[in-house]
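Asks: I'd like to ask you about the structure that follows.
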Amino acid sequence: MHTKTIKELSTLLQAKKISATELATLFLDRIAQSDLNAFLHVDRALTLQQAARADQRLASGDVTPLTGIPIAHKDLFVTRDWRTTAGSRMLENYTSPFDATVVELFNAAGTVTLGKLNCDEFAMGSANENSYFGAVKNPWDKTAVPGGSSGGSAAAIAARLAPAATATDTGGSIRQPASLCGVTGIKPTYGSVSRYGMIAFASSLDQGGPIAKTAEDCGLLLNAMTAFDERDSTCLERPKEDFTRSLNENLQGLRIGVPREFFGAGLAADVEQAVRAALREYEKLGATLVDISLPKTELSIPVYYVIAPAEASSNLSRFDGVRYGHRAADYKDLADMYQKSRAEGFGDEVKRRILVGAYVLSHGYYDAYYLQAQKIRRLIAQEFQRALTGPERQCDVIMGPVSPTVAWDLGDKTDDPVANYLADIFTLSTSLAGLPGMSIPCGFGQGEKNARRPVGLQIIGNYYEEARLLNVAHQYQQATDWHLRTPA
């Protein structure tokens with residue numbers, strides 16, 4: 001039962017072949033036996049209460065496609081009943097007085113919350129090793145990282161500890177862990193999913209999205225979690241749509257842009273081989289490959305690591321030991337309390353980014369760094385638009401690798417922050433442009449160790465074209481079985 005998709009589980013629930021309580025119990029038992037450190041807070045009684053309410057809805061016929069489906073939330077979405085820590089000592093014992101909009105929407109759809117998922121502290125990281133509560137292990141190889149910052153979400157789906165999980169993506173934090181754990185994840189167009197109640201890292205980049213087994217499952221989850229929210233000033237007011245509407249359209253005539261910059265130095269040979277094989281499969285499905293260029297791809301790392309820390313330094317200033325969160329036990333005055341509380345409450349990577357952000361926003365450096373980064377960000381977005389729109393339109397979607405390598409060993413890059421940053425080279429530009437992008441499993445690495453570590457294919461589309469991306473991914477998943485493979 002734990003290997004079934006959301007679509008299959010929904011059919012069984014509505015046919016009364018299994019109850020929401022039985023399904024929740026099955027996954028709770030699996031979570032209790034897991035040693036991956038994917039979950040930070042599980043409350044069996046609360047989960048079974050929600051399952052009982054879902055069973056009542058199922059009995060009355062008041063159902064949605066997600067009624068009774070177990071789901072786990074990244075610990076960046078605040079929840080009233082489960083702790084919300086953002087993976088940080090700063091919020092170690094925090095329980096929110098309200099639910100994030102995303103959580104509200106899933107509750108309204110009748111999902112059953114399994115618990116809160118581990119993540120890099122305040123979503124800052126590419127390996128899920130920056131969590132105050134310890135690193136998450138990759139289910140395919142427990143000596144490897146799962147990717148970050150949504151490593152708990154991706155690991156939980158890969159290990160079949162949950163059929164659905166929420167996640168967030170600031171610079172690739174849905175796509176990269178989905179790739180390294182061999183599952184499906186999609187970052188929708190910036191502003192599609194409300195950020196209300198999603199603890200902020202970089203407000204102009206943060207975006208919620210789902211991780212699941214299949215593209216079809218992700219479409220069902222997106223249907224529930226996208227809605228206009230007046231409480232979020234960046235949330236888009238658009239007509240409600242069904243993201244699964246185009247899943248069964250064939251791919252004849254689809255033009256796939258293949259950026260040459262995604263296949264240069266730094267890309268591991270085994271990752272390139274798996275991605276090239278996936279592109280050949282798309283050709284068999286009727287698509288045409290088009291060589292394109294996105295020359296500013298290499299600038300996405302310096303641009304991102306100026307803009308994101310700048311916004312983080314502002315957003316994290318609210319954690320000062322006064323209103324909520326960690327407060328130092330011993331201090332002399334207010335300034336000392338601020339200093340000690342933040343020094344004790346934040347981890348090394350968070351401090352590093354706050355310092356960088358404060359520096360680039362300081363007098364004399366704002367124009368030289370932050371303003372220049374914003375200008376290049378616009379140029380990066382314009383490159384994508386030239387490829388995807390207008391009279392010069394070259395392609396319908398863009399494809400390439402998600403990560404330059406398969407998952408690396410736990411601890412390999414903890415002493416080298418820049419090496420971690422470089423792992424995001426292929427995902428950052430999409431986030432800077434605010435475009436939708438997703439990762440689907442397309443193979444494994446090579447060699448004795450890498451042969452059990454997954455490779456993901458990245459699919460990027462134009463604004464609001466999530467339905468097309470899901471169709472493109474679904475057709476590939478109908479022709480291949482990478483998404484059905486599970487770790488031992």
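By convention here, the chains of the structure tokens are called A, B, ... in the order presented, each chain's residues are numbered starting at 1, and ligands are numbered starting at 1 in the order presented.
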Which residues come within 9 Å of Leu205 of chain A, counting only C-alpha atoms, excluding same-chain residues fewer than 5 positions away, as a ChimeraX atom specification?

Replies: /A:169-171,190,308,431-434

Asks: Quick one: write out the picked residues with N, CA and C atoms as a PDB file, in the first residue's frame?

Replies:
ATOM      1  N   ASP A 169      11.241  26.150  -2.364  1.00  0.00           N
ATOM      2  CA  ASP A 169      12.339  26.285  -3.313  1.00  0.00           C
ATOM      3  C   ASP A 169      12.718  27.759  -3.384  1.00  0.00           C
ATOM      4  N   THR A 170      13.929  28.079  -2.954  1.00  0.00           N
ATOM      5  CA  THR A 170      14.451  29.437  -3.046  1.00  0.00           C
ATOM      6  C   THR A 170      15.466  29.530  -4.174  1.00  0.00           C
ATOM      7  N   GLY A 171      16.357  28.530  -4.238  1.00  0.00           N
ATOM      8  CA  GLY A 171      17.330  28.495  -5.325  1.00  0.00           C
ATOM      9  C   GLY A 171      17.474  27.109  -5.929  1.00  0.00           C
ATOM     10  N   TYR A 190       6.783  31.833  -9.520  1.00  0.00           N
ATOM     11  CA  TYR A 190       6.835  32.632  -8.295  1.00  0.00           C
ATOM     12  C   TYR A 190       5.511  33.376  -8.098  1.00  0.00           C
ATOM     13  N   ALA A 308      20.008  36.714  -2.193  1.00  0.00           N
ATOM     14  CA  ALA A 308      19.389  35.896  -1.150  1.00  0.00           C
ATOM     15  C   ALA A 308      19.907  36.234   0.251  1.00  0.00           C
ATOM     16  N   SER A 431      15.098  30.124 -10.553  1.00  0.00           N
ATOM     17  CA  SER A 431      14.533  30.807  -9.388  1.00  0.00           C
ATOM     18  C   SER A 431      14.676  32.313  -9.504  1.00  0.00           C
ATOM     19  N   LEU A 432      15.825  32.775  -9.971  1.00  0.00           N
ATOM     20  CA  LEU A 432      16.036  34.217 -10.127  1.00  0.00           C
ATOM     21  C   LEU A 432      15.053  34.809 -11.126  1.00  0.00           C
ATOM     22  N   ALA A 433      14.686  34.027 -12.142  1.00  0.00           N
ATOM     23  CA  ALA A 433      13.733  34.492 -13.157  1.00  0.00           C
ATOM     24  C   ALA A 433      12.281  34.296 -12.720  1.00  0.00           C
ATOM     25  N   GLY A 434      12.052  33.533 -11.648  1.00  0.00           N
ATOM     26  CA  GLY A 434      10.693  33.279 -11.173  1.00  0.00           C
ATOM     27  C   GLY A 434       9.921  32.275 -12.009  1.00  0.00           C
TER      28      GLY A 434
END

Asks: Near Tyr331 of chain A, within 10 Å and counting only C-alpha atoms, which residues show up once chain neighbours fewer than 5 positions away are dropped, as a list in words?

Replies: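 Non-adjacent residues within range: Asp336, Met337, Tyr338, Gln339, Lys340 and Ser341 of chain A.
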
Asks: Just list as a list in words whatever in segment 236-341 of chain A DSSP marks as strand (DSSP E or B).

Replies: Arg255, Ile256, Gly257, Val258, Pro259, Thr288, Leu289, Val290, Asp291 and Ile292 of chain A

Asks: Go ahead and save the residues from that selection, with N, CA and C atoms, as a tab-separated table (two decimals), in the first residue's frame.

Replies:
chain	number	residue	atom	x	y	z
A	255	ARG	N	9.18	21.23	-28.84
A	255	ARG	CA	10.57	21.67	-29.03
A	255	ARG	C	11.24	21.81	-27.67
A	256	ILE	N	12.28	21.03	-27.46
A	256	ILE	CA	13.00	21.03	-26.19
A	256	ILE	C	14.31	21.78	-26.35
A	257	GLY	N	14.45	22.87	-25.63
A	257	GLY	CA	15.70	23.63	-25.65
A	257	GLY	C	16.73	22.97	-24.75
A	258	VAL	N	17.92	22.75	-25.28
A	258	VAL	CA	19.00	22.13	-24.52
A	258	VAL	C	20.13	23.15	-24.41
A	259	PRO	N	20.25	23.84	-23.29
A	259	PRO	CA	21.28	24.89	-23.16
A	259	PRO	C	22.68	24.30	-23.13
A	288	THR	N	11.45	17.37	-30.47
A	288	THR	CA	12.64	17.78	-31.22
A	288	THR	C	13.58	18.53	-30.29
A	289	LEU	N	14.88	18.19	-30.33
A	289	LEU	CA	15.86	18.88	-29.50
A	289	LEU	C	16.40	20.09	-30.24
A	290	VAL	N	16.49	21.21	-29.54
A	290	VAL	CA	16.97	22.46	-30.12
A	290	VAL	C	18.14	22.96	-29.28
A	291	ASP	N	19.25	23.21	-29.92
A	291	ASP	CA	20.42	23.75	-29.22
A	291	ASP	C	20.19	25.23	-28.92
A	292	ILE	N	20.26	25.61	-27.64
A	292	ILE	CA	20.09	27.01	-27.27
A	292	ILE	C	21.24	27.43	-26.37

Asks: Which neighbours of Asp481 of chain A fall inside 10 Å, counting only C-alpha atoms, when residues of the same chain fewer than 3 positions from it are skipped, and could you give them as a PyMOL selection string?

Replies: chain A and resi 441-443+476-478+484-485

Asks: Would you pick out the contacts of Leu76 of chain A at 12 Å or less, using only C-alpha atoms, so that residues sharing its chain but fewer than 6 positions from it are not included, and give the list as number ranges by chain?

Replies: A: 40, 82-88, 91, 94-96, 99-100, 102-103, 116-124, 131, 149-150, 152-153, 166-169, 195-201, 206-208

Asks: Quick one: everything within 9 Å of Thr244 of chain A, counting only C-alpha atoms, minus sequence neighbours fewer than 3 positions away in the same chain. Send it as a PDB file with N, CA and C atoms, in the first residue's frame.

Replies:
ATOM      1  N   ALA A 215       4.551  12.851 -11.580  1.00  0.00           N
ATOM      2  CA  ALA A 215       4.086  14.150 -12.056  1.00  0.00           C
ATOM      3  C   ALA A 215       2.589  14.300 -11.830  1.00  0.00           C
ATOM      4  N   GLU A 216       1.838  13.222 -12.041  1.00  0.00           N
ATOM      5  CA  GLU A 216       0.388  13.285 -11.818  1.00  0.00           C
ATOM      6  C   GLU A 216       0.077  13.613 -10.368  1.00  0.00           C
ATOM      7  N   ASP A 217       0.798  12.986  -9.437  1.00  0.00           N
ATOM      8  CA  ASP A 217       0.605  13.292  -8.018  1.00  0.00           C
ATOM      9  C   ASP A 217       0.904  14.759  -7.731  1.00  0.00           C
ATOM     10  N   CYS A 218       1.995  15.277  -8.310  1.00  0.00           N
ATOM     11  CA  CYS A 218       2.354  16.683  -8.093  1.00  0.00           C
ATOM     12  C   CYS A 218       1.260  17.605  -8.620  1.00  0.00           C
ATOM     13  N   GLY A 219       0.643  17.238  -9.748  1.00  0.00           N
ATOM     14  CA  GLY A 219      -0.450  18.033 -10.284  1.00  0.00           C
ATOM     15  C   GLY A 219      -1.632  18.074  -9.341  1.00  0.00           C
ATOM     16  N   LEU A 220      -1.975  16.942  -8.752  1.00  0.00           N
ATOM     17  CA  LEU A 220      -3.090  16.897  -7.792  1.00  0.00           C
ATOM     18  C   LEU A 220      -2.787  17.759  -6.566  1.00  0.00           C
ATOM     19  N   ASN A 223      -3.027  21.466  -7.452  1.00  0.00           N
ATOM     20  CA  ASN A 223      -4.428  21.889  -7.543  1.00  0.00           C
ATOM     21  C   ASN A 223      -4.941  22.383  -6.204  1.00  0.00           C
ATOM     22  N   GLU A 241      -7.063  26.800 -11.829  1.00  0.00           N
ATOM     23  CA  GLU A 241      -6.898  25.898 -12.959  1.00  0.00           C
ATOM     24  C   GLU A 241      -6.624  24.476 -12.487  1.00  0.00           C
ATOM     25  N   LEU A 247      -2.335  16.172 -18.987  1.00  0.00           N
ATOM     26  CA  LEU A 247      -1.392  15.082 -18.757  1.00  0.00           C
ATOM     27  C   LEU A 247      -1.296  14.102 -19.921  1.00  0.00           C
ATOM     28  N   ASN A 248      -2.400  13.856 -20.595  1.00  0.00           N
ATOM     29  CA  ASN A 248      -2.420  12.794 -21.597  1.00  0.00           C
ATOM     30  C   ASN A 248      -2.236  13.283 -23.031  1.00  0.00           C
ATOM     31  N   ALA A 467       1.089  23.244 -16.121  1.00  0.00           N
ATOM     32  CA  ALA A 467       0.335  22.127 -16.711  1.00  0.00           C
ATOM     33  C   ALA A 467       1.118  21.496 -17.860  1.00  0.00           C
ATOM     34  N   LEU A 470       4.011  19.425 -16.388  1.00  0.00           N
ATOM     35  CA  LEU A 470       3.517  18.175 -15.825  1.00  0.00           C
ATOM     36  C   LEU A 470       3.147  17.184 -16.918  1.00  0.00           C
ATOM     37  N   ASN A 471       2.608  17.685 -18.036  1.00  0.00           N
ATOM     38  CA  ASN A 471       2.309  16.823 -19.185  1.00  0.00           C
ATOM     39  C   ASN A 471       3.590  16.213 -19.750  1.00  0.00           C
TER      40      ASN A 471
END

Asks: Give the answer as one residue: which of A:Val42, A:Ala265, A:Leu36, A:Val356 has the shortest atom-to-atom distance to Asn138 of chain A, using only C-alpha atoms?

Replies: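 Smallest separation from Asn138 of chain A among the options: A:Leu36.
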
Asks: Taking a cut-off of 12 Å and counting only C-alpha atoms, can you build a table that, for each residue of segment 200-298 of chain A near segment 404-420 of chain A, reports the nearest atom pair and how far apart they are in Å (one decimal), sorted by chain then residue number, as a tab-separated table?

Replies:
residue	atom	partner	partner_atom	distance
A:Glu261	CA	A:Pro404	CA	11.7
A:Phe262	CA	A:Pro404	CA	8.7
A:Phe263	CA	A:Pro404	CA	8.9
A:Gly264	CA	A:Pro404	CA	9.8
A:Ala265	CA	A:Pro404	CA	9.4
A:Gly266	CA	A:Pro404	CA	6.5
A:Leu267	CA	A:Pro404	CA	4.5
A:Ala268	CA	A:Thr405	CA	5.4
A:Ala269	CA	A:Thr405	CA	8.6
A:Asp270	CA	A:Thr405	CA	8.0
A:Val271	CA	A:Thr405	CA	6.1
A:Glu272	CA	A:Pro404	CA	8.4
A:Gln273	CA	A:Thr405	CA	11.4
A:Ala274	CA	A:Val406	CA	10.8
A:Val275	CA	A:Pro404	CA	10.8

Asks: Just how far from atom CA of Leu26 of chain A is atom CA of Gly68 of chain A, in Å to one decimal?

Replies: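 A separation of 12.8 Å between them.
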
Asks: Which residues are close to segment 110-115 of chain A, i.e. within 10 Å by only C-alpha atoms, leaving aside same-chain residues fewer than 4 positions away? Reply as number ranges by chain.

Replies: A: 20-21, 23-25, 27-28, 31, 39-44, 46-55, 57-58, 62-75, 79, 81-83, 103-106, 161-162, 164-165

Asks: Suppose we keep C-alpha atoms; can you now write the selection as a CSV table (one decimal), in the first residue's frame?

Replies:
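Written output follows (part.csv):
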chain,number,residue,atom,x,y,z
A,20,ALA,CA,-8.0,7.0,6.1
A,21,THR,CA,-7.2,5.8,9.6
A,23,LEU,CA,-3.7,4.4,5.8
A,24,ALA,CA,-2.4,6.9,8.3
A,25,THR,CA,-1.5,4.2,10.8
A,27,PHE,CA,2.6,5.4,7.4
A,28,LEU,CA,3.0,6.3,11.0
A,31,ILE,CA,8.0,6.6,10.1
A,39,PHE,CA,10.8,13.8,10.5
A,40,LEU,CA,11.2,16.4,13.3
A,41,HIS,CA,7.8,16.1,15.0
A,42,VAL,CA,5.2,13.4,14.8
A,43,ASP,CA,2.1,13.2,17.0
A,44,ARG,CA,0.3,10.0,16.4
A,46,LEU,CA,-3.2,14.3,16.3
A,47,THR,CA,-2.7,12.5,13.0
A,48,LEU,CA,-5.4,9.8,13.9
A,49,GLN,CA,-7.8,12.5,14.9
A,50,GLN,CA,-7.4,14.1,11.4
A,51,ALA,CA,-7.8,10.7,9.9
A,52,ALA,CA,-11.0,10.0,11.7
A,53,ARG,CA,-12.4,13.3,10.4
A,54,ALA,CA,-11.3,12.3,6.9
A,55,ASP,CA,-13.2,9.0,7.3
A,57,ARG,CA,-16.0,13.0,5.1
A,58,LEU,CA,-15.4,9.9,3.0
A,62,ASP,CA,-17.9,15.2,0.9
A,63,VAL,CA,-14.6,14.4,-0.8
A,64,THR,CA,-11.8,15.9,-2.9
A,65,PRO,CA,-9.1,13.8,-4.7
A,66,LEU,CA,-6.9,14.4,-1.6
A,67,THR,CA,-9.4,13.5,1.1
A,68,GLY,CA,-7.8,11.0,3.5
A,69,ILE,CA,-4.4,11.2,1.8
A,70,PRO,CA,-1.5,11.4,4.3
A,71,ILE,CA,0.8,14.3,3.8
A,72,ALA,CA,3.9,15.7,5.6
A,73,HIS,CA,4.9,19.4,5.8
A,74,LYS,CA,8.3,20.8,5.5
A,75,ASP,CA,9.1,22.4,8.9
A,79,THR,CA,1.3,24.7,12.0
A,81,ASP,CA,-0.7,21.7,16.4
A,82,TRP,CA,2.8,20.5,15.4
A,83,ARG,CA,6.0,22.4,16.3
A,103,VAL,CA,-1.5,24.0,5.4
A,104,GLU,CA,-5.0,25.5,5.6
A,105,LEU,CA,-5.6,24.6,2.0
A,106,PHE,CA,-4.5,21.0,2.4
A,161,LEU,CA,7.2,7.3,4.6
A,162,ALA,CA,4.6,9.5,3.0
A,164,ALA,CA,2.9,13.5,-0.4
A,165,ALA,CA,5.1,16.3,1.0

Asks: Quote the spacing between atom CA of Ser439 of chain A and atom CA of Arg353 of chain A in Å to one decimal place.

Replies: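 About the pair atom CA of Ser439 of chain A and atom CA of Arg353 of chain A: they are 26.5 Å apart.
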
Asks: Give me, please, the distance in Å between atom CA of Pro487 of chain A and atom CA of Ile6 of chain A, quoted to one decimal.

Replies: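 Separation between atom CA of Pro487 of chain A and atom CA of Ile6 of chain A: 18.9 Å.
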